[in-house]
file target.cif (mmCIF, C-alpha atoms)
data_protein
loop_
_atom_site.label_atom_id
_atom_site.label_comp_id
_atom_site.auth_asym_id
_atom_site.auth_seq_id
_atom_site.Cartn_x
_atom_site.Cartn_y
_atom_site.Cartn_z
CA MET A 1 0.00 0.00 0.00
CA PRO A 2 1.51 3.36 -1.01
CA THR A 3 1.96 6.31 1.29
CA ARG A 4 -1.40 7.97 1.94
CA LEU A 5 -2.51 11.33 3.38
CA GLU A 6 -5.94 12.19 4.77
CA ILE A 7 -7.44 15.41 6.19
CA VAL A 8 -10.21 15.00 8.77
CA LEU A 9 -12.26 17.89 10.20
CA SER A 10 -13.30 17.07 13.76
CA ASN A 11 -15.67 19.96 14.53
CA SER A 12 -17.84 19.79 11.39
CA SER A 13 -19.10 16.55 9.89
CA ASP A 14 -20.55 18.29 6.80
CA GLY A 15 -17.62 20.64 6.15
CA ILE A 16 -19.66 23.81 6.80
CA PHE A 17 -18.18 26.63 8.85
CA TYR A 18 -19.07 30.21 9.77
CA PRO A 19 -16.83 33.28 9.75
CA GLY A 20 -15.06 33.61 13.11
CA GLN A 21 -15.37 29.89 13.86
CA GLU A 22 -12.34 27.73 14.63
CA LEU A 23 -11.27 25.13 12.10
CA ILE A 24 -10.11 22.00 13.97
CA GLY A 25 -8.93 18.69 12.56
CA ASP A 26 -6.14 16.19 11.93
CA VAL A 27 -3.84 15.25 9.09
CA ASN A 28 -3.30 11.48 9.04
CA ALA A 29 -0.26 10.05 7.30
CA VAL A 30 -0.15 6.32 6.55
CA LEU A 31 3.36 5.13 5.68
CA SER A 32 3.58 1.65 4.15
CA LYS A 33 7.35 1.51 4.73
CA THR A 34 10.16 3.53 6.25
CA CYS A 35 10.11 6.93 4.63
CA ASN A 36 12.56 9.83 4.57
CA VAL A 37 10.50 12.95 5.42
CA SER A 38 11.52 16.63 5.20
CA ARG A 39 8.33 18.09 6.65
CA LEU A 40 4.55 17.91 6.73
CA ARG A 41 2.74 21.18 6.12
CA LEU A 42 -0.88 22.26 5.84
CA THR A 43 -2.18 25.30 3.95
CA ILE A 44 -5.66 26.76 4.49
CA SER A 45 -6.83 28.89 1.58
CA GLY A 46 -9.82 30.89 0.43
CA VAL A 47 -9.93 32.54 -2.98
CA GLY A 48 -12.43 34.11 -5.36
CA LYS A 49 -11.97 33.95 -9.14
CA THR A 50 -13.91 35.30 -12.12
CA THR A 51 -13.52 34.54 -15.83
CA TRP A 52 -15.59 35.43 -18.84
CA TYR A 53 -15.16 36.19 -22.54
CA GLU A 54 -16.29 39.16 -24.63
CA GLN A 55 -16.53 38.97 -28.42
CA TYR A 56 -15.59 42.14 -30.30
CA SER A 57 -16.23 42.64 -33.97
CA GLY A 58 -13.01 42.39 -35.94
CA ARG A 59 -10.84 41.92 -32.84
CA GLY A 60 -11.68 38.40 -31.72
CA ALA A 61 -12.45 37.46 -28.13
CA THR A 62 -11.04 39.05 -24.97
CA THR A 63 -10.73 37.12 -21.71
CA PHE A 64 -11.51 39.02 -18.52
CA LYS A 65 -10.19 37.69 -15.21
CA GLY A 66 -10.39 38.67 -11.58
CA LYS A 67 -8.91 37.15 -8.44
CA GLU A 68 -9.06 37.92 -4.71
CA ARG A 69 -7.55 36.02 -1.79
CA TYR A 70 -9.52 35.98 1.47
CA LEU A 71 -7.55 33.48 3.51
CA TYR A 72 -4.08 31.97 3.51
CA SER A 73 -2.46 30.23 6.46
CA GLU A 74 0.42 27.76 6.49
CA LEU A 75 0.98 25.40 9.39
CA ILE A 76 4.10 23.22 9.78
CA LEU A 77 2.83 20.03 11.42
CA PHE A 78 6.14 18.15 11.40
CA GLN A 79 9.76 19.14 10.73
CA PRO A 80 12.98 17.56 12.06
CA PHE A 81 15.08 19.67 14.42
CA ASN A 82 18.51 20.66 13.06
CA GLU A 83 18.16 18.21 10.19
CA LYS A 84 16.97 18.46 6.62
CA SER A 85 15.08 15.16 6.81
CA MET A 86 14.37 12.22 9.10
CA GLU A 87 13.62 8.56 8.55
CA ILE A 88 10.14 7.73 9.81
CA PRO A 89 9.21 4.04 10.38
CA ALA A 90 6.16 2.56 8.69
CA GLY A 91 2.89 3.23 10.49
CA THR A 92 0.00 5.66 10.89
CA TYR A 93 0.69 9.15 12.26
CA SER A 94 -1.81 11.83 13.19
CA HIS A 95 -1.04 15.55 13.51
CA GLY A 96 -3.69 17.91 14.87
CA PHE A 97 -4.26 21.49 13.76
CA ALA A 98 -6.49 24.46 14.60
CA CYS A 99 -7.05 27.76 12.81
CA GLN A 100 -9.30 30.69 13.66
CA LEU A 101 -11.30 31.83 10.60
CA PRO A 102 -11.54 35.61 10.02
CA ASP A 103 -14.90 37.34 10.58
CA THR A 104 -14.81 38.98 7.15
CA LEU A 105 -14.87 35.85 4.97
CA PRO A 106 -17.45 35.94 2.15
CA ALA A 107 -19.74 32.95 1.72
CA SER A 108 -18.86 30.10 -0.63
CA PHE A 109 -20.30 30.56 -4.09
CA GLU A 110 -20.41 28.75 -7.44
CA GLY A 111 -21.55 30.67 -10.52
CA LYS A 112 -21.35 30.63 -14.29
CA ARG A 113 -18.58 33.22 -14.46
CA GLY A 114 -16.91 32.89 -11.09
CA HIS A 115 -16.65 31.17 -7.72
CA ILE A 116 -15.55 31.59 -4.10
CA ARG A 117 -13.90 28.45 -2.72
CA TYR A 118 -12.15 27.34 0.47
CA PHE A 119 -9.86 24.34 0.84
CA LEU A 120 -7.15 22.69 2.91
CA LYS A 121 -4.07 21.15 1.35
CA ALA A 122 -1.65 18.81 3.14
CA THR A 123 1.80 18.22 1.67
CA LEU A 124 4.28 15.55 2.77
CA GLU A 125 7.69 16.65 1.49
CA ARG A 126 10.26 13.91 0.82
CA PRO A 127 13.83 14.59 -0.35
CA TRP A 128 14.62 13.39 -3.85
CA ARG A 129 11.07 12.20 -4.30
CA GLN A 130 7.83 13.80 -5.42
CA SER A 131 5.83 15.30 -2.59
CA LYS A 132 2.62 13.56 -1.54
CA THR A 133 -0.43 15.87 -1.40
CA THR A 134 -4.12 15.74 -0.59
CA SER A 135 -6.79 18.41 -0.37
CA LEU A 136 -10.22 18.89 1.17
CA ASN A 137 -12.81 21.55 0.37
CA PHE A 138 -14.96 23.20 3.01
CA GLN A 139 -17.77 25.75 2.81
CA ILE A 140 -18.31 29.11 4.46
CA VAL A 141 -21.87 30.15 5.25
CA ARG A 142 -22.67 33.69 6.35
CA GLN A 143 -25.71 34.30 8.55
CA LEU A 144 -26.68 37.84 7.64
CA ASP A 145 -28.47 39.31 10.66
CA LEU A 146 -30.94 41.99 9.54
CA ASN A 147 -30.87 43.47 13.05
CA ASN A 148 -27.35 44.71 12.25
CA GLU A 149 -28.39 46.35 8.98
CA ILE A 150 -29.79 49.85 8.43
CA LEU A 151 -33.20 49.07 6.92
CA LEU A 152 -35.53 51.91 6.00
CA PRO A 153 -38.82 52.19 4.08
CA VAL A 154 -38.10 52.56 0.37
CA ARG A 155 -40.02 54.15 -2.49
CA SER A 156 -39.18 54.30 -6.19
CA GLU A 157 -41.09 56.27 -8.82
CA LEU A 158 -41.47 56.28 -12.60
CA THR A 159 -42.69 59.02 -14.93
CA LYS A 160 -42.73 58.05 -18.59
CA SER A 161 -44.18 59.67 -21.70
CA LEU A 162 -45.91 57.08 -23.86
CA GLY A 163 -46.77 57.22 -27.52
CA TYR A 164 -45.35 57.03 -31.01
CA TRP A 165 -42.02 58.83 -30.66
CA PRO A 166 -41.29 61.53 -31.57
CA CYS A 167 -44.44 62.99 -33.06
CA VAL A 168 -47.52 61.33 -31.59
CA PRO A 169 -47.56 61.37 -27.77
CA SER A 170 -50.36 59.44 -26.10
CA GLY A 171 -49.96 60.60 -22.50
CA VAL A 172 -47.89 60.05 -19.40
CA LEU A 173 -47.57 57.03 -17.11
CA TYR A 174 -47.00 57.73 -13.41
CA ALA A 175 -46.13 54.76 -11.20
CA SER A 176 -44.49 54.07 -7.85
CA VAL A 177 -43.50 51.10 -5.69
CA GLU A 178 -43.27 51.39 -1.91
CA LEU A 179 -41.98 48.94 0.73
CA PRO A 180 -42.28 49.33 4.53
CA THR A 181 -38.69 48.07 4.91
CA SER A 182 -35.84 46.98 2.65
CA GLY A 183 -34.83 43.77 4.45
CA PHE A 184 -36.41 40.31 4.35
CA VAL A 185 -35.55 36.64 5.01
CA PRO A 186 -36.69 33.45 3.22
CA GLY A 187 -40.26 32.58 4.14
CA GLN A 188 -41.31 36.19 4.68
CA PHE A 189 -43.59 38.14 2.35
CA ILE A 190 -42.51 41.34 0.64
CA PRO A 191 -45.54 43.66 0.97
CA ALA A 192 -45.22 45.93 -2.06
CA VAL A 193 -47.66 48.81 -2.53
CA ILE A 194 -47.89 49.64 -6.24
CA GLN A 195 -49.59 52.83 -7.41
CA VAL A 196 -50.35 53.45 -11.08
CA ASN A 197 -51.82 56.49 -12.79
CA ASN A 198 -52.05 55.97 -16.53
CA LYS A 199 -52.88 59.20 -18.34
CA GLY A 200 -52.25 57.75 -21.76
CA SER A 201 -54.26 55.87 -24.36
CA ASN A 202 -51.91 52.88 -24.23
CA LYS A 203 -53.42 50.26 -21.95
CA ILE A 204 -51.54 48.44 -19.19
CA THR A 205 -52.47 44.82 -19.78
CA ARG A 206 -50.83 43.37 -16.67
CA ILE A 207 -48.28 44.05 -13.94
CA VAL A 208 -45.55 41.53 -13.08
CA THR A 209 -43.84 41.65 -9.66
CA MET A 210 -40.52 39.80 -9.41
CA LEU A 211 -37.74 39.17 -6.90
CA VAL A 212 -34.53 39.23 -8.94
CA GLN A 213 -31.10 38.00 -7.86
CA LYS A 214 -28.32 40.25 -9.15
CA ILE A 215 -24.81 38.74 -9.36
CA THR A 216 -21.97 41.13 -10.14
CA TYR A 217 -18.67 39.67 -11.35
CA ALA A 218 -15.61 41.96 -11.37
CA ALA A 219 -12.41 41.60 -13.37
CA ARG A 220 -9.08 43.44 -13.13
CA ARG A 221 -7.39 42.12 -16.29
CA PRO A 222 -6.98 43.33 -18.97
CA LYS A 223 -8.94 46.25 -17.47
CA LEU A 224 -11.24 46.92 -14.56
CA THR A 225 -14.76 45.95 -15.61
CA GLU A 226 -17.93 44.23 -14.38
CA LYS A 227 -20.40 41.69 -15.67
CA VAL A 228 -23.91 41.56 -14.21
CA GLU A 229 -26.27 38.58 -14.34
CA ARG A 230 -29.89 38.71 -13.23
CA PHE A 231 -32.09 35.72 -12.35
CA ILE A 232 -35.79 35.74 -11.50
CA VAL A 233 -36.16 34.06 -8.10
CA CYS A 234 -39.95 34.24 -7.89
CA LYS A 235 -42.74 36.33 -9.38
CA ASN A 236 -46.43 37.20 -9.26
CA VAL A 237 -48.42 38.03 -12.37
CA THR A 238 -51.74 39.86 -12.23
CA PRO A 239 -54.74 38.31 -13.97
CA GLY A 240 -55.48 39.29 -17.56
CA ILE A 241 -56.83 42.78 -16.91
CA THR A 242 -56.91 46.06 -18.77
CA LEU A 243 -56.31 49.18 -16.72
CA PRO A 244 -57.80 52.28 -18.38
CA GLU A 245 -56.88 55.84 -17.49
CA GLY A 246 -57.03 56.56 -13.77
CA GLY A 247 -55.31 55.72 -10.52
CA VAL A 248 -54.91 52.09 -9.49
CA LEU A 249 -53.64 50.84 -6.13
CA ALA A 250 -52.20 47.34 -5.84
CA ALA A 251 -50.99 45.37 -2.83
CA GLU A 252 -48.64 42.50 -3.74
CA ASN A 253 -47.21 40.03 -1.22
CA LEU A 254 -44.32 38.16 -2.78
CA GLN A 255 -42.98 35.30 -0.65
CA VAL A 256 -39.18 34.97 -0.51
CA PRO A 257 -37.95 31.42 -1.23
CA TRP A 258 -34.67 29.98 0.08
CA VAL A 259 -31.84 31.89 -1.61
CA LEU A 260 -28.29 32.90 -0.78
CA PRO A 261 -28.21 36.02 1.40
CA THR A 262 -27.03 39.39 0.17
CA SER A 263 -23.23 39.42 0.13
CA SER A 264 -20.82 42.32 -0.37
CA PHE A 265 -17.73 40.95 1.41
CA SER A 266 -16.01 40.07 -1.88
CA ARG A 267 -14.71 42.49 -4.48
CA VAL A 268 -14.90 39.99 -7.36
CA VAL A 269 -18.31 38.37 -6.69
CA GLN A 270 -21.21 40.22 -5.09
CA ILE A 271 -24.80 39.07 -4.60
CA GLY A 272 -27.69 41.52 -4.39
CA TYR A 273 -31.45 41.53 -4.86
CA GLU A 274 -34.07 43.77 -6.44
CA LEU A 275 -37.82 43.90 -6.34
CA VAL A 276 -38.74 44.50 -9.97
CA VAL A 277 -42.19 45.66 -11.05
CA GLU A 278 -42.82 45.51 -14.80
CA PHE A 279 -45.76 47.28 -16.41
CA GLU A 280 -46.67 45.56 -19.67
CA ILE A 281 -47.96 48.13 -22.18
CA ASP A 282 -50.36 47.33 -25.01
CA SER A 283 -48.24 48.73 -27.84
CA CYS A 284 -46.88 47.64 -31.21
CA PHE A 285 -43.45 49.03 -30.33
CA PHE A 286 -40.60 46.81 -29.15
CA ASN A 287 -39.48 47.38 -25.52
CA ALA A 288 -42.55 49.46 -24.66
CA ASN A 289 -42.84 47.86 -21.20
CA GLN A 290 -41.76 50.00 -18.24
CA VAL A 291 -39.84 48.77 -15.17
CA ILE A 292 -39.28 49.99 -11.61
CA ARG A 293 -36.40 48.46 -9.62
CA VAL A 294 -36.22 48.64 -5.82
CA PRO A 295 -33.07 47.27 -4.09
CA VAL A 296 -33.74 44.94 -1.15
CA VAL A 297 -31.56 43.01 1.32
CA ILE A 298 -32.11 39.27 1.80
CA GLY A 299 -30.78 38.00 5.12
CA VAL A 300 -30.90 34.90 7.30
CA ILE A 301 -31.91 36.24 10.73
CA PRO A 302 -35.07 38.41 10.64
CA THR A 303 -35.51 41.69 12.46
CA ARG A 304 -37.05 41.58 15.93
CA ASP A 305 -40.17 43.41 14.76
CA SER A 306 -40.65 41.22 11.67
CA ASN A 307 -43.78 39.61 13.14
CA MET A 308 -45.57 42.91 12.72
CA MET A 309 -45.10 42.66 8.96
CA GLU A 310 -45.96 39.02 8.39
CA SER A 311 -49.26 38.25 6.72
CA ASN A 312 -50.84 35.77 4.39
CA ALA A 313 -50.38 36.28 0.66
CA ILE A 314 -53.00 38.72 -0.66
CA ARG A 315 -53.52 40.35 -4.02
CA VAL A 316 -55.93 43.26 -3.82
CA TRP A 317 -56.65 45.65 -6.68
CA THR A 318 -58.73 48.76 -6.04
CA ARG A 319 -59.47 51.87 -8.07
CA LYS A 320 -58.78 55.16 -6.37
CA ALA A 321 -61.65 57.60 -6.42
#

call {"tool": "encode", "arguments": {"input": "target.cif", "output": "structure tokens"}}
result
Amino acid sequence: MPTRLEIVLSNSSDGIFYPGQELIGDVNAVLSKTCNVSRLRLTISGVGKTTWYEQYSGRGATTFKGKERYLYSELILFQPFNEKSMEIPAGTYSHGFACQLPDTLPASFEGKRGHIRYFLKATLERPWRQSKTTSLNFQIVRQLDLNNEILLPVRSELTKSLGYWPCVPSGVLYASVELPTSGFVPGQFIPAVIQVNNKGSNKITRIVTMLVQKITYAARRPKLTEKVERFIVCKNVTPGITLPEGGVLAAENLQVPWVLPTSSFSRVVQIGYELVVEFEIDSCFFNANQVIRVPVVIGVIPTRDSNMMESNAIRVWTRKA
């Protein structure tokens, strides 16, 4: 049986840790025969990487890359005193280790154009022979506590002239979206108050309310740039209605499913969320629909007064007098 290395984490059976927690474990070395050993070392690493390609007409493709290191620690678990190497008899040897994780670590993440990964790597160095290595991945989970965030009521407005640009205007669309707070956790409802005043002849056929995950990838080479991806997490669509001219008040409760919390601890990968309200316009023109975006924070631990906001899902449409 050849020489074998194994990393065992003793304080987490599933390999999940939280920022600020201690990483405790052992590196086991199984030697099938007497072995000349220089040292046994363990590195603990955390790194974020981004990569994507942009196609430019006449210039081919350009590769954009970004990298950020969050954690690097090297522990020497075994090294002979005053000697370059030592003969170790065959057998099984265990070397314990412990490392305090920083409080500022971003959560683990896997995406189409980037990732944030954490891993341990043990290396058994042997003179005149190839080093023996093994690695083990672990995950970081951040529990975003909304009680530590500054959460205020938010309101976003839209004023848009509708019609056949540039000569035949059909009126103005006034709309707004209002939230009692900007922070929510999975399982809670987002109580959005939507007000619409359509002064134009173009009808609003329906209103779509969506929770959108916004992932921002950053690159530093060959230049500083960003790539943004948006994914619809959940949505509500109004029934097939036609809203003529006049004020309309809507109350939408959109329930938040399980998603990764908002994360801004990394400079190369950031996760954010938006409440997006889209007004679908009855028009023959492309891209006639209008959109309001309201940034929200998705956490893990709800605010202490969150019970005051919880309610069953309702969808009420009323015309203002």

call {"tool": "residues_around", "arguments": {"input": "target.cif", "residues": "Arg117 of chain A", "least_positions_apart": "4", "cutoff": "8 Å", "atoms": "only C-alpha atoms", "output": "ChimeraX atom specification"}}
result
/A:46-48,108-109,137-139

call {"tool": "closest_atom_pairs", "arguments": {"input": "target.cif", "of": "segment 47-152 of chain A", "to": "segment 7-19 of chain A", "cutoff": "7 Å", "atoms": "only C-alpha atoms", "output": "CSV"}}
result
residue,atom,partner,partner_atom,distance
A:Leu101,CA,A:Pro19,CA,5.8
A:Pro102,CA,A:Pro19,CA,5.8
A:Asp103,CA,A:Pro19,CA,4.6
A:Thr104,CA,A:Pro19,CA,6.6
A:Leu105,CA,A:Pro19,CA,5.8
A:Leu136,CA,A:Ile7,CA,6.7
A:Phe138,CA,A:Gly15,CA,4.8
A:Gln139,CA,A:Ile16,CA,4.8
A:Ile140,CA,A:Phe17,CA,5.0
A:Val141,CA,A:Tyr18,CA,5.3
A:Arg142,CA,A:Tyr18,CA,6.1

call {"tool": "resolve_selection", "arguments": {"input": "target.cif", "expression": "the PyMOL selection byres ((chain A and resi 220) around 8)", "output": "PyMOL selection string"}}
result
chain A and resi 64-67+218-219+221-225

call {"tool": "residues_around", "arguments": {"input": "target.cif", "residues": "Glu54 of chain A", "least_positions_apart": "5", "cutoff": "7 Å", "atoms": "all atoms listed in the file", "output": "number ranges by chain"}}
result
A: 61-63

call {"tool": "residues_around", "arguments": {"input": "target.cif", "residues": "Gly183 of chain A", "least_positions_apart": "3", "cutoff": "6 Å", "atoms": "all atoms listed in the file", "output": "ChimeraX atom specification"}}
result
/A:296-298

call {"tool": "atom_distance", "arguments": {"input": "target.cif", "atom1": "atom CA of Ala288 of chain A", "atom2": "atom CA of Phe231 of chain A"}}
result
21.2 Å

call {"tool": "closest_residue", "arguments": {"input": "target.cif", "among": "A:Val212, A:Val27, A:Ala98, A:Val185", "to": "Ser135 of chain A", "atoms": "only C-alpha atoms"}}
result
A:Val27

call {"tool": "residues_around", "arguments": {"input": "target.cif", "residues": "Gln79 of chain A", "least_positions_apart": "5", "cutoff": "7 Å", "atoms": "all atoms listed in the file", "output": "number ranges by chain"}}
result
A: 38-40

call {"tool": "atom_distance", "arguments": {"input": "target.cif", "atom1": "atom CA of Lys203 of chain A", "atom2": "atom CA of Leu254 of chain A"}}
result
24.4 Å

call {"tool": "atom_distance", "arguments": {"input": "target.cif", "atom1": "atom CA of Asn197 of chain A", "atom2": "atom CA of Lys160 of chain A"}}
result
10.9 Å

call {"tool": "residues_around", "arguments": {"input": "target.cif", "residues": "Leu75 of chain A", "least_positions_apart": "5", "cutoff": "7 Å", "atoms": "all atoms listed in the file", "output": "ChimeraX atom specification"}}
result
/A:41-43
